[in-house]
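Colleague: work34.cif is the file, holding mmCIF, C-alpha atoms:
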data_structure
#
loop_
_atom_site.label_atom_id
_atom_site.label_comp_id
_atom_site.auth_asym_id
_atom_site.auth_seq_id
_atom_site.Cartn_x
_atom_site.Cartn_y
_atom_site.Cartn_z
CA MET A 1 46.63 19.18 -30.83
CA ARG A 2 47.53 22.82 -30.40
CA ASP A 3 50.04 24.33 -28.06
CA ARG A 4 49.40 27.98 -28.89
CA ILE A 5 46.33 30.04 -28.20
CA GLU A 6 44.39 31.49 -31.10
CA ILE A 7 42.06 34.45 -31.44
CA TYR A 8 39.14 32.06 -30.99
CA ASP A 9 40.40 31.14 -27.51
CA VAL A 10 40.62 34.79 -26.50
CA LEU A 11 37.11 35.55 -27.80
CA LEU A 12 35.77 32.46 -26.04
CA VAL A 13 37.22 33.31 -22.64
CA VAL A 14 36.14 36.96 -22.90
CA THR A 15 32.55 35.84 -23.59
CA LEU A 16 32.82 33.26 -20.80
CA ILE A 17 33.92 35.89 -18.30
CA GLY A 18 31.18 38.25 -19.50
CA ALA A 19 28.49 35.59 -19.03
CA ALA A 20 29.89 34.75 -15.59
CA TRP A 21 29.82 38.45 -14.69
CA ARG A 22 26.14 38.76 -15.57
CA ALA A 23 25.32 35.52 -13.75
CA LEU A 24 27.15 36.63 -10.63
CA PHE A 25 26.43 40.34 -10.43
CA GLY A 26 23.27 40.85 -12.53
CA LYS A 27 20.43 42.50 -10.62
CA ASP A 28 17.59 40.23 -11.68
CA ALA A 29 17.62 36.62 -10.41
CA PHE A 30 15.97 35.24 -13.55
CA SER A 31 18.39 36.82 -16.01
CA ALA A 32 21.28 35.76 -13.76
CA THR A 33 20.02 32.19 -14.12
CA VAL A 34 19.83 32.48 -17.91
CA PHE A 35 23.36 33.84 -18.04
CA PHE A 36 24.48 31.00 -15.78
CA ILE A 37 23.23 28.50 -18.37
CA VAL A 38 25.04 30.44 -21.12
CA TYR A 39 28.14 30.31 -18.93
CA GLY A 40 27.81 26.52 -18.69
CA LEU A 41 27.52 26.10 -22.45
CA LEU A 42 30.52 28.36 -23.10
CA MET A 43 32.39 26.33 -20.51
CA ALA A 44 31.64 23.19 -22.56
CA MET A 45 33.21 24.93 -25.58
CA ALA A 46 36.27 25.76 -23.47
CA TRP A 47 36.58 22.06 -22.61
CA VAL A 48 36.69 21.22 -26.31
CA GLN A 49 39.60 23.66 -26.64
CA LEU A 50 41.35 21.85 -23.79
CA ASP A 51 41.08 18.49 -25.65
CA ALA A 52 38.72 17.12 -23.00
CA ILE A 53 35.73 15.95 -25.04
CA ASP A 54 34.34 13.77 -22.24
CA VAL A 55 34.25 16.73 -19.90
CA ALA A 56 32.71 18.92 -22.60
CA LEU A 57 29.89 16.38 -23.04
CA ALA A 58 29.36 16.11 -19.28
CA GLU A 59 29.39 19.88 -18.85
CA ALA A 60 26.91 20.44 -21.68
CA CYS A 61 24.49 17.72 -20.49
CA VAL A 62 24.85 18.01 -16.74
CA GLY A 63 26.51 21.31 -15.92
CA ALA A 64 24.50 23.49 -18.30
CA GLY A 65 21.48 21.35 -19.22
CA LEU A 66 20.33 19.70 -16.01
CA THR A 67 21.57 22.34 -13.59
CA GLY A 68 19.81 24.83 -15.86
CA ALA A 69 16.55 22.88 -15.72
CA LEU A 70 16.80 22.70 -11.93
CA LEU A 71 17.58 26.39 -11.58
CA ILE A 72 14.89 27.57 -14.02
CA GLY A 73 12.40 25.40 -12.13
CA ALA A 74 13.44 26.93 -8.83
CA VAL A 75 14.06 30.57 -9.69
CA ARG A 76 10.37 31.49 -9.87
CA GLN A 77 10.01 30.69 -6.19
CA PHE A 78 12.91 32.87 -5.20
CA GLU A 79 12.85 35.88 -7.50
CA ARG A 80 10.01 37.67 -5.74
CA ALA A 81 11.26 36.82 -2.27
CA PRO A 82 12.24 39.81 -0.14
CA GLY A 83 16.00 40.13 -0.21
CA ALA A 84 16.44 38.46 -3.60
CA ARG A 85 18.19 41.60 -4.82
CA ALA A 86 19.92 42.48 -1.59
CA LEU A 87 23.64 42.98 -1.53
CA ARG A 88 25.80 43.76 1.41
CA ARG A 89 25.52 47.51 1.75
CA THR A 90 28.44 48.65 3.81
CA MET A 91 31.21 49.97 1.60
CA GLY A 92 33.89 48.87 4.09
CA LEU A 93 32.57 45.32 4.08
CA ARG A 94 32.38 45.25 0.30
CA ALA A 95 35.93 46.54 0.00
CA SER A 96 37.31 43.96 2.40
CA ILE A 97 35.44 41.13 0.62
CA GLY A 98 36.86 42.43 -2.66
CA ALA A 99 40.37 42.62 -1.24
CA LEU A 100 40.20 39.05 0.09
CA SER A 101 38.86 37.76 -3.25
CA LEU A 102 41.67 39.56 -5.09
CA LEU A 103 44.17 38.01 -2.70
CA ALA A 104 42.80 34.53 -3.47
CA LEU A 105 42.91 35.32 -7.19
CA ALA A 106 46.52 36.52 -7.00
CA GLY A 107 47.61 33.49 -4.98
CA LEU A 108 45.99 31.05 -7.39
CA THR A 109 47.44 32.79 -10.44
CA ALA A 110 50.90 32.71 -8.87
CA SER A 111 50.48 28.97 -8.29
CA LEU A 112 49.92 28.55 -12.06
CA PHE A 113 53.47 29.71 -12.73
CA GLU A 114 54.65 27.48 -9.92
CA ILE A 115 53.16 24.30 -11.45
CA GLU A 116 53.83 25.28 -15.04
CA ASN A 117 56.86 23.10 -15.51
CA ARG A 118 55.86 20.08 -13.46
CA ARG A 119 54.81 17.09 -15.47
CA SER A 120 52.53 14.44 -14.09
CA PRO A 121 53.79 10.83 -14.22
CA VAL A 122 50.23 9.56 -14.69
CA PRO A 123 49.57 9.82 -18.48
CA PRO A 124 52.49 7.55 -19.56
CA LEU A 125 51.43 5.06 -16.87
CA VAL A 126 47.85 5.08 -18.19
CA GLU A 127 49.03 4.55 -21.74
CA ARG A 128 51.10 1.53 -20.69
CA SER A 129 48.30 -0.14 -18.72
CA LEU A 130 45.44 0.71 -21.09
CA GLY A 131 45.61 -2.74 -22.70
CA ASP A 132 44.72 -4.48 -19.43
CA SER A 133 42.01 -2.04 -18.39
CA GLY A 134 39.15 -3.36 -20.50
CA SER A 135 38.58 0.00 -22.19
CA ALA A 136 40.39 1.58 -25.10
CA HIS A 137 39.46 5.08 -23.94
CA PRO A 138 41.76 6.50 -21.23
CA VAL A 139 39.05 8.52 -19.44
CA THR A 140 36.68 5.55 -19.21
CA ALA A 141 39.56 3.34 -18.03
CA MET A 142 40.35 5.96 -15.38
CA LEU A 143 36.76 6.28 -14.18
CA LEU A 144 35.76 2.63 -14.20
CA ASN A 145 39.01 0.78 -13.61
CA PHE A 146 42.05 2.69 -12.31
CA ARG A 147 40.04 4.97 -10.05
CA ALA A 148 36.80 2.97 -9.85
CA PHE A 149 36.77 3.48 -6.09
CA ASP A 150 36.29 7.23 -6.59
CA THR A 151 33.44 6.62 -9.00
CA TRP A 152 31.82 4.20 -6.58
CA LEU A 153 31.86 6.74 -3.76
CA GLU A 154 30.64 9.44 -6.12
CA ILE A 155 27.61 7.35 -7.01
CA GLY A 156 27.17 7.00 -3.25
CA VAL A 157 27.10 10.79 -2.96
CA LEU A 158 24.41 10.90 -5.66
CA LEU A 159 22.37 8.30 -3.79
CA ILE A 160 22.61 10.16 -0.48
CA ALA A 161 21.76 13.49 -2.11
CA SER A 162 18.69 12.08 -3.86
CA LEU A 163 17.45 10.35 -0.71
CA ALA A 164 17.92 13.58 1.25
CA ALA A 165 16.03 15.55 -1.42
CA ILE A 166 13.16 13.02 -1.25
CA SER A 167 13.04 13.31 2.55
CA ILE A 168 12.90 17.10 2.47
CA HIS A 169 10.29 16.99 -0.26
CA ARG A 170 8.08 14.52 1.61
CA LEU A 171 8.25 16.46 4.87
CA TYR A 172 6.68 19.45 3.19
CA ASP A 173 4.47 17.79 0.64
CA PRO A 174 0.98 19.13 1.38
CA SER A 175 -0.78 16.06 -0.05
CA PRO A 176 -2.83 14.23 2.61
CA ILE A 177 -0.98 11.95 5.00
CA GLU A 178 -3.34 9.00 4.63
CA GLY A 179 -2.66 8.97 0.90
CA ARG A 180 1.00 8.26 1.53
CA ALA A 181 0.37 5.14 3.53
CA SER A 182 -2.07 3.58 1.12
CA THR A 183 -0.96 2.07 -2.15
CA ALA A 184 -3.51 4.00 -4.18
CA PRO A 185 -1.96 7.00 -5.92
CA THR A 186 -3.21 10.25 -4.43
CA ARG A 187 -2.61 12.16 -7.62
CA PRO A 188 -2.82 11.20 -11.26
CA ARG A 189 0.47 9.56 -12.08
CA LEU A 190 0.89 11.10 -15.47
CA GLN A 191 -1.37 13.73 -16.93
CA ILE A 192 -0.20 14.35 -20.45
CA GLN A 193 -1.52 17.65 -21.67
CA SER A 194 -1.68 16.74 -25.31
CA GLN A 195 -0.97 19.20 -28.12
CA THR A 196 0.93 21.54 -25.84
CA GLN A 197 4.44 22.55 -26.86
CA PRO A 198 6.18 20.49 -24.16
CA TRP A 199 4.16 17.46 -25.22
CA ILE A 200 5.15 17.83 -28.86
CA MET A 201 8.77 18.36 -27.85
CA ALA A 202 8.72 15.33 -25.57
CA ARG A 203 7.15 13.17 -28.26
CA THR A 204 9.80 14.16 -30.79
CA LEU A 205 12.84 14.14 -28.55
CA LEU A 206 12.17 11.23 -26.21
CA PRO A 207 13.12 8.37 -28.56
CA LEU A 208 16.08 10.35 -29.86
CA LEU A 209 17.43 11.09 -26.38
CA ILE A 210 17.15 7.47 -25.30
CA LEU A 211 18.80 6.28 -28.53
CA VAL A 212 21.68 8.77 -28.28
CA GLY A 213 22.05 8.00 -24.57
CA GLY A 214 22.35 4.29 -25.25
CA ALA A 215 24.83 4.91 -28.06
CA MET A 216 26.89 7.12 -25.80
CA LEU A 217 27.03 4.38 -23.17
CA TRP A 218 28.22 1.88 -25.76
CA PHE A 219 30.78 4.20 -27.36
CA GLY A 220 32.21 5.03 -23.95
CA SER A 221 34.44 1.96 -24.14
CA HIS A 222 36.53 3.33 -26.98
CA ALA A 223 35.54 6.98 -27.53
CA PRO A 224 34.38 9.97 -25.48
CA GLY A 225 31.13 9.19 -23.69
CA GLY A 226 30.14 6.90 -20.86
CA ALA A 227 27.84 6.44 -17.94
CA PHE A 228 27.57 10.06 -16.80
CA GLN A 229 26.86 11.59 -20.18
CA SER A 230 24.49 8.76 -21.09
CA GLY A 231 22.72 8.96 -17.73
CA ALA A 232 22.29 12.68 -18.19
CA LEU A 233 20.71 12.26 -21.64
CA ILE A 234 18.31 9.54 -20.51
CA GLY A 235 17.59 11.60 -17.41
CA ALA A 236 16.79 14.57 -19.67
CA ALA A 237 14.28 12.38 -21.51
CA GLY A 238 12.53 11.69 -18.20
CA ILE A 239 12.55 15.34 -17.24
CA LEU A 240 10.97 16.28 -20.59
CA LEU A 241 8.26 13.76 -19.81
CA GLN A 242 7.77 15.35 -16.41
CA ILE A 243 7.44 18.79 -18.00
CA ALA A 244 4.96 17.44 -20.55
CA GLY A 245 3.05 15.58 -17.86
CA GLY A 246 2.64 18.73 -15.85
CA ARG A 247 3.18 16.83 -12.64
CA SER A 248 5.69 14.45 -11.26
CA ALA A 249 5.22 11.09 -12.92
CA LEU A 250 7.43 9.50 -10.27
CA ARG A 251 6.32 7.83 -7.07
CA LEU A 252 9.31 9.09 -5.17
CA SER A 253 9.31 6.64 -2.30
CA SER A 254 8.13 3.48 -3.99
CA LEU A 255 10.29 0.41 -3.62
CA ARG A 256 10.89 0.39 -7.36
CA THR A 257 12.25 3.93 -7.36
CA ARG A 258 14.44 3.29 -4.36
CA SER A 259 15.91 0.07 -5.70
CA LEU A 260 16.64 1.62 -9.09
CA LEU A 261 18.23 4.61 -7.34
CA SER A 262 20.63 2.33 -5.49
CA LEU A 263 21.28 -0.01 -8.43
CA GLY A 264 24.52 1.74 -9.45
CA PHE A 265 25.91 1.83 -5.94
CA SER A 266 25.00 -1.77 -5.18
CA SER A 267 26.46 -3.02 -8.48
CA PHE A 268 29.80 -1.49 -7.53
CA TRP A 269 29.39 -3.07 -4.09
CA LEU A 270 28.75 -6.52 -5.59
CA MET A 271 31.67 -6.15 -7.98
CA ALA A 272 33.98 -5.13 -5.13
CA ALA A 273 32.82 -7.99 -2.92
CA GLY A 274 33.13 -10.45 -5.81
CA ALA A 275 36.72 -9.35 -6.47
CA LEU A 276 37.56 -9.71 -2.78
CA LEU A 277 36.02 -13.19 -2.55
CA ALA A 278 37.85 -14.29 -5.70
CA GLY A 279 41.08 -13.51 -3.90
CA GLY A 280 41.88 -10.25 -5.61
CA ARG A 281 41.89 -6.71 -4.28
CA ILE A 282 38.82 -4.51 -4.07
CA LEU A 283 37.36 -3.65 -7.51
CA GLU A 284 40.24 -5.44 -9.26
CA TYR A 285 38.83 -7.13 -12.34
CA PRO A 286 40.70 -9.88 -14.19
CA PRO A 287 41.98 -8.36 -17.47
CA ALA A 288 40.11 -10.96 -19.56
CA SER A 289 36.66 -9.92 -18.31
CA ALA A 290 37.42 -6.28 -17.49
CA GLY A 291 35.55 -5.00 -20.55
CA ALA A 292 32.36 -6.82 -19.57
CA ALA A 293 32.68 -5.69 -15.95
CA ILE A 294 33.07 -2.07 -17.02
CA LEU A 295 30.08 -2.24 -19.35
CA ALA A 296 27.89 -3.85 -16.65
CA LEU A 297 28.89 -1.24 -14.06
CA GLU A 298 28.34 1.57 -16.54
CA ALA A 299 24.90 0.31 -17.53
CA ALA A 300 23.83 0.08 -13.88
CA ALA A 301 25.28 3.50 -13.11
CA THR A 302 23.55 5.02 -16.16
CA LEU A 303 20.11 3.88 -14.97
CA SER A 304 20.74 5.13 -11.44
CA ILE A 305 22.09 8.49 -12.61
CA ALA A 306 19.15 9.00 -14.97
CA LEU A 307 16.65 8.28 -12.21
CA THR A 308 18.58 10.35 -9.64
CA LEU A 309 18.42 13.40 -11.90
CA ASN A 310 14.68 12.86 -12.40
CA VAL A 311 14.07 12.55 -8.68
CA MET A 312 16.03 15.73 -8.08
CA TYR A 313 14.05 17.57 -10.71
CA ALA A 314 10.76 16.31 -9.29
CA CYS A 315 11.83 17.48 -5.82
CA SER A 316 12.71 20.94 -7.09
CA ARG A 317 9.26 21.65 -8.57
CA PRO A 318 6.67 23.69 -6.68
CA TRP A 319 4.19 21.94 -4.45
CA GLY A 320 0.50 22.04 -5.10
CA PRO A 321 -1.30 22.45 -8.41
CA GLU A 322 0.61 23.65 -11.42
CA PRO A 323 -0.27 27.13 -12.64
CA MET B 1 59.37 32.71 -22.38
CA ILE B 2 57.01 34.51 -24.79
CA ALA B 3 56.03 31.12 -26.21
CA GLU B 4 55.26 29.93 -22.69
CA LEU B 5 52.99 32.90 -22.09
CA SER B 6 50.85 32.03 -25.11
CA SER B 7 50.17 28.46 -23.99
CA PRO B 8 46.53 27.38 -23.51
CA PHE B 9 47.51 26.19 -20.04
CA LEU B 10 48.18 29.71 -18.81
CA LEU B 11 45.18 31.29 -20.56
CA TYR B 12 42.58 28.80 -19.31
CA GLY B 13 44.30 28.44 -15.94
CA ALA B 14 44.19 32.22 -15.45
CA VAL B 15 40.52 32.32 -16.51
CA GLY B 16 39.82 29.57 -13.98
CA CYS B 17 41.51 31.65 -11.27
CA LEU B 18 39.55 34.74 -12.30
CA LEU B 19 36.26 32.82 -12.14
CA ILE B 20 37.17 31.52 -8.68
CA GLY B 21 37.90 35.07 -7.52
CA MET B 22 34.66 36.44 -9.02
CA GLY B 23 32.70 33.57 -7.52
CA LEU B 24 34.14 34.18 -4.07
CA TYR B 25 33.32 37.89 -4.27
CA SER B 26 29.76 37.22 -5.40
CA LEU B 27 29.28 34.50 -2.78
CA ALA B 28 30.12 36.90 0.02
CA LEU B 29 28.39 39.91 -1.55
CA HIS B 30 24.92 38.46 -2.00
CA THR B 31 22.70 37.89 0.99
CA HIS B 32 20.05 35.80 -0.76
CA VAL B 33 20.56 32.06 -0.71
CA TYR B 34 19.60 31.50 -4.38
CA ARG B 35 22.24 33.94 -5.62
CA ARG B 36 24.75 32.23 -3.36
CA ILE B 37 23.93 28.85 -4.92
CA LEU B 38 24.58 30.39 -8.36
CA ALA B 39 27.84 31.92 -7.15
CA TRP B 40 28.95 28.61 -5.65
CA ASN B 41 28.31 26.84 -8.96
CA ALA B 42 30.17 29.46 -11.00
CA LEU B 43 33.08 29.17 -8.54
CA GLY B 44 33.06 25.40 -9.05
CA GLY B 45 33.26 25.97 -12.80
CA GLY B 46 36.42 27.99 -12.21
CA VAL B 47 37.97 25.17 -10.17
CA PHE B 48 37.14 22.68 -12.94
CA LEU B 49 38.70 24.92 -15.58
CA PHE B 50 41.86 25.21 -13.45
CA LEU B 51 42.05 21.39 -13.35
CA GLY B 52 41.38 21.27 -17.09
CA ALA B 53 44.31 23.59 -17.73
CA ILE B 54 46.53 21.21 -15.74
CA ALA B 55 45.19 18.27 -17.80
CA LYS B 56 46.14 20.15 -20.97
CA ARG B 57 49.58 20.88 -19.54
CA ASN B 58 50.16 17.18 -18.79
CA ALA B 59 49.02 16.11 -22.25
CA TYR B 60 50.80 13.02 -23.44
CA GLY B 61 50.69 11.48 -26.88
CA GLY B 62 48.03 13.80 -28.26
CA SER B 63 45.42 13.53 -25.51
CA SER B 64 44.96 15.42 -22.27
CA ASP B 65 45.78 13.84 -18.92
CA PRO B 66 42.81 11.55 -18.11
CA LEU B 67 43.17 11.84 -14.32
CA PRO B 68 42.05 15.48 -13.96
CA GLN B 69 39.40 14.82 -16.62
CA ALA B 70 37.95 11.96 -14.57
CA LEU B 71 38.07 14.15 -11.45
CA VAL B 72 36.20 16.94 -13.23
CA ILE B 73 33.50 14.62 -14.63
CA THR B 74 32.97 13.26 -11.13
CA GLY B 75 32.96 16.81 -9.78
CA ILE B 76 30.36 18.05 -12.28
CA VAL B 77 27.95 15.25 -11.35
CA VAL B 78 28.50 15.76 -7.62
CA SER B 79 27.98 19.50 -7.98
CA VAL B 80 24.63 19.06 -9.76
CA SER B 81 23.44 16.79 -6.96
CA ALA B 82 24.68 19.23 -4.34
CA THR B 83 22.87 22.04 -6.17
CA ALA B 84 19.63 20.06 -6.23
CA LEU B 85 19.89 19.37 -2.50
CA ALA B 86 20.77 23.01 -1.78
CA LEU B 87 17.72 24.16 -3.76
CA ALA B 88 15.47 21.76 -1.85
CA ILE B 89 16.81 23.03 1.47
CA ALA B 90 16.55 26.67 0.34
CA ARG B 91 12.94 26.13 -0.62
CA ARG B 92 12.16 24.63 2.76
CA LEU B 93 13.94 27.54 4.42
CA GLN B 94 11.75 29.95 2.50
CA THR B 95 8.60 28.05 3.49
CA GLU B 96 9.65 28.23 7.14
CA GLU B 97 10.35 31.95 6.93
CA ARG B 98 6.99 32.61 5.30
CA GLY B 99 5.22 30.52 7.92
CA ASN B 100 6.82 32.55 10.69
CA GLY B 101 6.07 35.84 8.99
CA ALA B 102 2.34 35.13 8.58
#
Could you take the file, read its structure, and then write that structure out as structure tokens?

Modeller:
Amino acid sequence: MRDRIEIYDVLLVVTLIGAAWRALFGKDAFSATVFFIVYGLLMAMAWVQLDAIDVALAEACVGAGLTGALLIGAVRQFERAPGARALRRTMGLRASIGALSLLALAGLTASLFEIENRRSPVPPLVERSLGDSGSAHPVTAMLLNFRAFDTWLEIGVLLIASLAAISIHRLYDPSPIEGRASTAPTRPRLQIQSQTQPWIMARTLLPLLILVGGAMLWFGSHAPGGAFQSGALIGAAGILLQIAGGRSALRLSSLRTRSLLSLGFSSFWLMAAGALLAGGRILEYPPASAGAAILALEAAATLSIALTLNVMYACSRPWGPEP
Amino acid sequence: MIAELSSPFLLYGAVGCLLIGMGLYSLALHTHVYRRILAWNALGGGVFLFLGAIAKRNAYGGSSDPLPQALVITGIVVSVSATALALAIARRLQTEERGNGA
């Protein structure tokens, strides 16, 4: 563990700021998107420098990878829109926005010096209670045991966001209304265009992604990894399949999709209710079975997260026939 | 004091602050909703880096503070879902505007 910065750190943050600059102030929407993905990947490298491997994995899979897939899928619809290059014109307005942003920047930087010498009491506490948590890895113990309530509600946010995306998508889906009511699929469920590049990529990467995702879920109990990173990898496998299939392979509103979407949230709910009925406090697992409880919750959350990301990707694709 | 100034906490914390400032400026400068979604995400990255610097500062026994790390992992996943929802709404907004223009 290092306590001094090295030249590598300086080069990394300079590149990071440069990529952010192009993503934020570049003229062209498409190149801004590409630089945003670069920014996300550089950010993952910064997390490695901060000794936060779990966050680096999450940032690389979710922050850069899946956000990138969503944005690249969406940018084509926006880049030719009138106003896609518009900036606020008035110099006075620009100057005052700049001044306010600088003020925020100065205030935040000053707060860094303010908090520099305050130590948090949490890490020693975590180290002492790690033995009872059911996980040998502090971040997993934090996410699934000490602060499991936060994780539960976060999975709730994912559920709400995916249901909202489905609703918006369905409202504007131009496929015929009668098709929605009947059980017969109105469109081919999966049209693999064989021998295309996405198909070859999907064929090669799909087993690997699922294998690495499963391994990451398992390793999460004692090493960096866990439900979010694993869910993102398995979700990426599904998205590759969607790209190779040309069309959404998901029936967004089927009972199966909806129940799998809510699996993570309802598992937490059952675990919380079980702990309450057993006479404990909410989401308080007995130390003897905490490891099993964490693994079960993580497995359920992984499936839900993977499907949520797929649903979101499917909802971000253009309507109508693919070009 | 010189040793303090060369700590990773200050470097990455200051970069986080700079990204927040740049994100705010870009968010207010652009008028198109897609560029605002990008700006919002870059701003979020700055906030996460700020938290990461604090985690590094609170490092104990060779590993960074797990509490900010857990917060950031949660935040990254929430921000991707918020981005997906924002894109869906933006797309609908664009469809509405086109419909009115035709």

Colleague: May I have the residues at most 10 Å from (9.5, 19.3, -16.9) in the file's coordinates, counting all atoms listed in the file, as a ChimeraX atom specification?

Modeller: /A:69-70,73,198,202,236-248,310,313-314,317

Colleague: Evaluated on this file, the PyMOL selection byres ((chain A and resi 135) around 9) picks out some residues - which ones are they, written as a PyMOL selection string?

Modeller: chain A and resi 130-134+136-141+144-145+220-222+290-291+294

Colleague: Apply the PyMOL selection byres ((chain B and resi 41-49) around 10) to the structure shown and report the selected residues as a PDB file with C-alpha atoms, in the coordinates of the input.

Modeller:
ATOM      1  CA  ALA A  20      29.890  34.750 -15.590  1.00  0.00           C
ATOM      2  CA  TRP A  21      29.820  38.450 -14.690  1.00  0.00           C
ATOM      3  CA  ALA A  23      25.320  35.520 -13.750  1.00  0.00           C
ATOM      4  CA  LEU A  24      27.150  36.630 -10.630  1.00  0.00           C
ATOM      5  CA  PHE A  36      24.480  31.000 -15.780  1.00  0.00           C
ATOM      6  CA  TYR A  39      28.140  30.310 -18.930  1.00  0.00           C
ATOM      7  CA  GLY A  40      27.810  26.520 -18.690  1.00  0.00           C
ATOM      8  CA  MET A  43      32.390  26.330 -20.510  1.00  0.00           C
ATOM      9  CA  ALA A  46      36.270  25.760 -23.470  1.00  0.00           C
ATOM     10  CA  TRP A  47      36.580  22.060 -22.610  1.00  0.00           C
ATOM     11  CA  LEU A  50      41.350  21.850 -23.790  1.00  0.00           C
ATOM     12  CA  VAL A  55      34.250  16.730 -19.900  1.00  0.00           C
ATOM     13  CA  GLU A  59      29.390  19.880 -18.850  1.00  0.00           C
ATOM     14  CA  GLY A  63      26.510  21.310 -15.920  1.00  0.00           C
ATOM     15  CA  THR A  67      21.570  22.340 -13.590  1.00  0.00           C
TER      16      THR A  67
ATOM     17  CA  PHE B   9      47.510  26.190 -20.040  1.00  0.00           C
ATOM     18  CA  TYR B  12      42.580  28.800 -19.310  1.00  0.00           C
ATOM     19  CA  GLY B  13      44.300  28.440 -15.940  1.00  0.00           C
ATOM     20  CA  ALA B  14      44.190  32.220 -15.450  1.00  0.00           C
ATOM     21  CA  VAL B  15      40.520  32.320 -16.510  1.00  0.00           C
ATOM     22  CA  GLY B  16      39.820  29.570 -13.980  1.00  0.00           C
ATOM     23  CA  CYS B  17      41.510  31.650 -11.270  1.00  0.00           C
ATOM     24  CA  LEU B  18      39.550  34.740 -12.300  1.00  0.00           C
ATOM     25  CA  LEU B  19      36.260  32.820 -12.140  1.00  0.00           C
ATOM     26  CA  ILE B  20      37.170  31.520  -8.680  1.00  0.00           C
ATOM     27  CA  GLY B  21      37.900  35.070  -7.520  1.00  0.00           C
ATOM     28  CA  MET B  22      34.660  36.440  -9.020  1.00  0.00           C
ATOM     29  CA  GLY B  23      32.700  33.570  -7.520  1.00  0.00           C
ATOM     30  CA  LEU B  24      34.140  34.180  -4.070  1.00  0.00           C
ATOM     31  CA  TYR B  25      33.320  37.890  -4.270  1.00  0.00           C
ATOM     32  CA  SER B  26      29.760  37.220  -5.400  1.00  0.00           C
ATOM     33  CA  LEU B  27      29.280  34.500  -2.780  1.00  0.00           C
ATOM     34  CA  ARG B  35      22.240  33.940  -5.620  1.00  0.00           C
ATOM     35  CA  ARG B  36      24.750  32.230  -3.360  1.00  0.00           C
ATOM     36  CA  ILE B  37      23.930  28.850  -4.920  1.00  0.00           C
ATOM     37  CA  LEU B  38      24.580  30.390  -8.360  1.00  0.00           C
ATOM     38  CA  ALA B  39      27.840  31.920  -7.150  1.00  0.00           C
ATOM     39  CA  TRP B  40      28.950  28.610  -5.650  1.00  0.00           C
ATOM     40  CA  PHE B  50      41.860  25.210 -13.450  1.00  0.00           C
ATOM     41  CA  LEU B  51      42.050  21.390 -13.350  1.00  0.00           C
ATOM     42  CA  GLY B  52      41.380  21.270 -17.090  1.00  0.00           C
ATOM     43  CA  ALA B  53      44.310  23.590 -17.730  1.00  0.00           C
ATOM     44  CA  ILE B  54      46.530  21.210 -15.740  1.00  0.00           C
ATOM     45  CA  ALA B  55      45.190  18.270 -17.800  1.00  0.00           C
ATOM     46  CA  PRO B  68      42.050  15.480 -13.960  1.00  0.00           C
ATOM     47  CA  GLN B  69      39.400  14.820 -16.620  1.00  0.00           C
ATOM     48  CA  LEU B  71      38.070  14.150 -11.450  1.00  0.00           C
ATOM     49  CA  VAL B  72      36.200  16.940 -13.230  1.00  0.00           C
ATOM     50  CA  ILE B  73      33.500  14.620 -14.630  1.00  0.00           C
ATOM     51  CA  GLY B  75      32.960  16.810  -9.780  1.00  0.00           C
ATOM     52  CA  ILE B  76      30.360  18.050 -12.280  1.00  0.00           C
ATOM     53  CA  SER B  79      27.980  19.500  -7.980  1.00  0.00           C
ATOM     54  CA  VAL B  80      24.630  19.060  -9.760  1.00  0.00           C
ATOM     55  CA  ALA B  82      24.680  19.230  -4.340  1.00  0.00           C
ATOM     56  CA  THR B  83      22.870  22.040  -6.170  1.00  0.00           C
TER      57      THR B  83
END

Colleague: I would like the residues chosen by the PyMOL selection byres ((chain A and resi 12) around 12) on the shown file; could you give them as a list of chain:residue names?

Modeller: A:Ile5, A:Glu6, A:Ile7, A:Tyr8, A:Asp9, A:Val10, A:Leu11, A:Val13, A:Val14, A:Thr15, A:Leu16, A:Ile17, A:Gly18, A:Ala19, A:Val38, A:Tyr39, A:Leu41, A:Leu42, A:Met43, A:Ala44, A:Met45, A:Ala46, A:Trp47, A:Val48, A:Gln49, B:Leu11, B:Tyr12, B:Val15

Colleague: Work out how far CA of Asp65 (chain B) is from CA of Glu127 (chain A), in Å to one decimal.

Modeller: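 We find that CA of Glu127 (chain A) and CA of Asp65 (chain B) lie 10.2 Å from each other.
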
Colleague: How many Å separate CA of Leu93 (chain B) from CA of Ala232 (chain A)?

Modeller: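 We find that CA of Leu93 (chain B) and CA of Ala232 (chain A) lie 28.3 Å from each other.
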
Colleague: Quick one: residues within 9 Å of Cys315 (chain A), all atoms listed in the file, excluding same-chain residues fewer than 5 positions away - as a list in words?

Modeller: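 The residues that qualify are Ser162, Ala165, Ile166, Ile168, His169, Arg170, Ser248, Leu252 and Asn310 of chain A; Ala84, Leu85 and Ala88 of chain B.
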
Colleague: If I take CA of Gly213 (chain A) and CA of Ser230 (chain A), how far is one from the other in Å, to one decimal?

Modeller: 4.3 Å

Colleague: With only C-alpha atoms as the counted atoms, please give the residues lying no more than 8 Å from region 298-306 of chain A, apart from itself and same-chain residues fewer than 2 positions off, as a PyMOL selection string.

Modeller: chain A and resi 144+155+158+217+226-228+230-236+238+260-265+267+294-296+308-310
